[in-house]
Amino acid sequence: MVKTCFFLILICFTNLLSAQGLPNDCVNFVQVCGNYDIHLDVSGAGIQEIGPNVCQSQENNSLWLRFTIKQSGTLGFTLIPESESIQEDYDFWIFGPNVSCDNLGQAIRCSTTNPAAALQPDNHTGLNESSVDFSEGPGPDGDSFLQWLEVAQGEHYFLVIDRPHGNSAFQLSWTGTAVLDNPLLDYNVYSLSPIYICDPENDGVELYDLNYWNSELINNLENIEITYHATESDAVAATNALPNPAPLRHGMHYARITHINSKCFEIVAFMVNMFGYQIESLEIKNNNQIIVHTNINSSESVYYRINGGPWQLSPVFYDVPNGFHELEIKFGDCVSDIKNTYILQPSNVITPNGDALNDVWYFPKLQEIQGVNVVIYDRYGKIVFQSIADKQILWDGTYHGRKLPSGGYWYQISLPDGRELKGHITLID
């Protein structure tokens, strides 16, 4: 099973727009998780929070990022707009270390150089090892790059990216020796094998408690939140989490594993396979055998049982007694719906003499079969008994309350499954 990793910083800005607060304000910062490339866009300025600064600019279309240092070292980055136009202009500010949104202080790095005004060969900007400036801009002042940072383990910083001119997204790649924190890297996140869910109703949807898989996704659930989603975009944006139990359908689903403190997350994609293995038909043979036919085309074992008894590998049940019977199949963990049938082995003698032995010709519950029809004839073809819908099917050797003479009679039973049983009854008075 494919495991798709979406560290929070990798989500598309269009997905962020569905959140309660936009990341163009400090309090709604996007947490950077690890030294992964960032592909984002910016839109709107939010609250003006930069304040007076040596770079003499403000927020136009901004994005606030926060990163935490896991391993000390040097830290730089290169920001490249998607558009190569020299008019595409990105600025940035860095605040820190260890400042809060309500007390940012002065930026320790800021660049508001306009690449076109500065006659730059391209519109790239960032921090690198060779630059010596801590600030530059506005307009033609500077070359769009500043000296990279010397950072220490445990520190956190805010990086504000702003686009005063242009309309394209950007890519940011980290450089230097420092390692950015991603708490999820301290966990083992596993892929999920396809999930097979039994759908005995064949309606394409089944309630399923996905929390069963939480411990299969990650080795430690401490400080972890897991939600499940029907689409990848919902998982990335943390919207429309499925309830538990969830009404699942066949297809790809997505688990979002979120580190609660840092908000870093990964997405694990997994397949849900719905299957509705059923009894397609029941064949009655020799009026005392039931043969089960299924819709399963597999070399794996299929199990069968009758009336809740033990499972067997053979689809044939022999010497089945007279009456109603319930058949089921099991394939893997999926047990089919019950399919009912009936075995009719009519008695061929009736002795209505009051001794409680063969006093009546009777089929218990036969009237419950919708569409059944039972007719008894005398030797001249006259109907002496005919079943009535929903009425007990029982013949006591009389016709309209009058005893019939001893002799031979014939029955015909028509069943809704197409079976037609004919036979002889001897009436002995």
# chains A, B, ... in the order shown; residues from 1 in each chain; ligands from 1
call {"tool": "residues_around", "arguments": {"residues": "Thr68 in chain A", "least_positions_apart": "3", "cutoff": "12 Å", "atoms": "only C-alpha atoms", "output": "JSON, numbers by chain"}}
result
{"A": [30, 31, 32, 33, 34, 35, 65, 71, 72, 75, 96, 97, 98, 99, 151, 152, 153, 154, 155, 156, 157, 158, 159, 178, 179, 180, 181, 182, 183, 262, 264]}
call {"tool": "residues_around", "arguments": {"residues": "range 323-325 of chain A", "least_positions_apart": "5", "cutoff": "9 Å", "atoms": "only C-alpha atoms", "output": "list in words"}}
result
Ile306, Asn307, Lys339, Asn340, Thr341, Tyr342, Ile343, Leu344, Gln345, Phe363, Pro364, Lys365 and Leu366 of chain A
call {"tool": "residues_around", "arguments": {"residues": "Arg419 in chain A", "least_positions_apart": "5", "cutoff": "9 Å", "atoms": "only C-alpha atoms", "output": "short mmCIF file (atom, residue, chain, number, x, y, z; two decimals) with N, CA and C atoms, in the first residue's frame"}}
result
data_model
loop_
_atom_site.label_atom_id
_atom_site.label_comp_id
_atom_site.auth_asym_id
_atom_site.auth_seq_id
_atom_site.Cartn_x
_atom_site.Cartn_y
_atom_site.Cartn_z
N ILE A 284 -32.31 -27.88 -5.36
CA ILE A 284 -32.86 -29.02 -4.62
C ILE A 284 -32.79 -30.25 -5.53
N ILE A 413 -48.01 -29.88 -5.89
CA ILE A 413 -47.52 -28.72 -5.12
C ILE A 413 -46.69 -27.86 -6.07
N SER A 414 -47.12 -26.63 -6.28
CA SER A 414 -46.39 -25.69 -7.13
C SER A 414 -45.69 -24.67 -6.22
#
call {"tool": "select_by_dssp", "arguments": {"residues": "range 74-212 of chain A", "states": "helix (DSSP H, G or I)", "output": "list of chain:residue names"}}
result
A:Pro183, A:Leu184, A:Leu185, A:Asp186, A:Leu210, A:Asn211, A:Tyr212
call {"tool": "residues_around", "arguments": {"residues": "range 38-54 of chain A", "least_positions_apart": "3", "cutoff": "9 Å", "atoms": "only C-alpha atoms", "output": "ChimeraX atom specification"}}
result
/A:9-14,22-26,32,35,57-63,93,101,104-107,110,135-138,160-163,167-174
call {"tool": "write_last_selection", "arguments": {"atoms": "C-alpha atoms", "output": "mmCIF file, in the first residue's frame"}}
result
data_model
loop_
_atom_site.group_PDB
_atom_site.id
_atom_site.type_symbol
_atom_site.label_atom_id
_atom_site.label_comp_id
_atom_site.auth_asym_id
_atom_site.auth_seq_id
_atom_site.Cartn_x
_atom_site.Cartn_y
_atom_site.Cartn_z
ATOM 1 C CA ILE A 9 4.186 22.836 4.763
ATOM 2 C CA LEU A 10 3.562 20.979 1.524
ATOM 3 C CA ILE A 11 -0.131 21.688 1.321
ATOM 4 C CA CYS A 12 -1.476 23.920 -1.387
ATOM 5 C CA PHE A 13 -2.508 27.377 -0.309
ATOM 6 C CA THR A 14 -5.921 26.892 -1.878
ATOM 7 C CA LEU A 22 -5.590 32.317 6.956
ATOM 8 C CA PRO A 23 -1.794 31.976 7.319
ATOM 9 C CA ASN A 24 -1.282 35.616 6.364
ATOM 10 C CA ASP A 25 -1.474 36.433 10.094
ATOM 11 C CA CYS A 26 1.139 35.387 12.626
ATOM 12 C CA VAL A 32 7.411 23.925 8.805
ATOM 13 C CA ASN A 35 13.894 20.347 5.591
ATOM 14 C CA SER A 57 7.883 47.818 3.435
ATOM 15 C CA GLN A 58 4.767 46.078 4.684
ATOM 16 C CA GLU A 59 2.606 43.048 3.963
ATOM 17 C CA ASN A 60 0.880 42.876 0.586
ATOM 18 C CA ASN A 61 0.273 39.175 -0.071
ATOM 19 C CA SER A 62 1.873 37.436 2.850
ATOM 20 C CA LEU A 63 2.437 34.018 4.378
ATOM 21 C CA TRP A 93 11.354 39.016 6.982
ATOM 22 C CA CYS A 101 3.267 36.832 17.733
ATOM 23 C CA LEU A 104 7.930 39.979 17.488
ATOM 24 C CA GLY A 105 10.511 42.699 17.944
ATOM 25 C CA GLN A 106 12.647 43.814 15.009
ATOM 26 C CA ALA A 107 13.330 41.518 12.064
ATOM 27 C CA CYS A 110 14.661 41.388 5.844
ATOM 28 C CA SER A 135 18.895 43.708 5.454
ATOM 29 C CA GLU A 136 18.386 45.289 2.074
ATOM 30 C CA GLY A 137 15.847 47.266 0.087
ATOM 31 C CA PRO A 138 13.584 48.782 -0.764
ATOM 32 C CA VAL A 160 7.253 36.010 6.616
ATOM 33 C CA ILE A 161 7.101 35.737 2.826
ATOM 34 C CA ASP A 162 5.415 38.541 0.911
ATOM 35 C CA ARG A 163 4.706 39.227 -2.749
ATOM 36 C CA ASN A 167 0.769 36.635 -9.110
ATOM 37 C CA SER A 168 2.677 33.342 -9.157
ATOM 38 C CA ALA A 169 3.340 30.804 -6.397
ATOM 39 C CA PHE A 170 6.838 29.939 -5.227
ATOM 40 C CA GLN A 171 9.177 27.123 -4.281
ATOM 41 C CA LEU A 172 11.472 27.385 -1.267
ATOM 42 C CA SER A 173 14.434 25.051 -0.727
ATOM 43 C CA TRP A 174 16.411 24.978 2.531
#
call {"tool": "closest_residue", "arguments": {"among": "A:Ile224, A:Pro245, A:Tyr190, A:Thr231", "to": "Tyr212 in chain A", "atoms": "only C-alpha atoms"}}
result
A:Pro245
call {"tool": "select_by_dssp", "arguments": {"residues": "range 134-260 of chain A", "states": "strand (DSSP E)", "output": "JSON, numbers by chain"}}
result
{"A": [135, 136, 137, 138, 139, 145, 146, 147, 149, 150, 151, 156, 157, 158, 159, 160, 161, 162, 163, 164, 165, 170, 171, 172, 173, 174, 175, 179, 180, 195, 196, 197, 198, 206, 207, 208, 224, 225, 226, 227, 228, 229, 246, 247, 248, 251, 252, 253, 254, 255, 256, 257, 258, 259]}
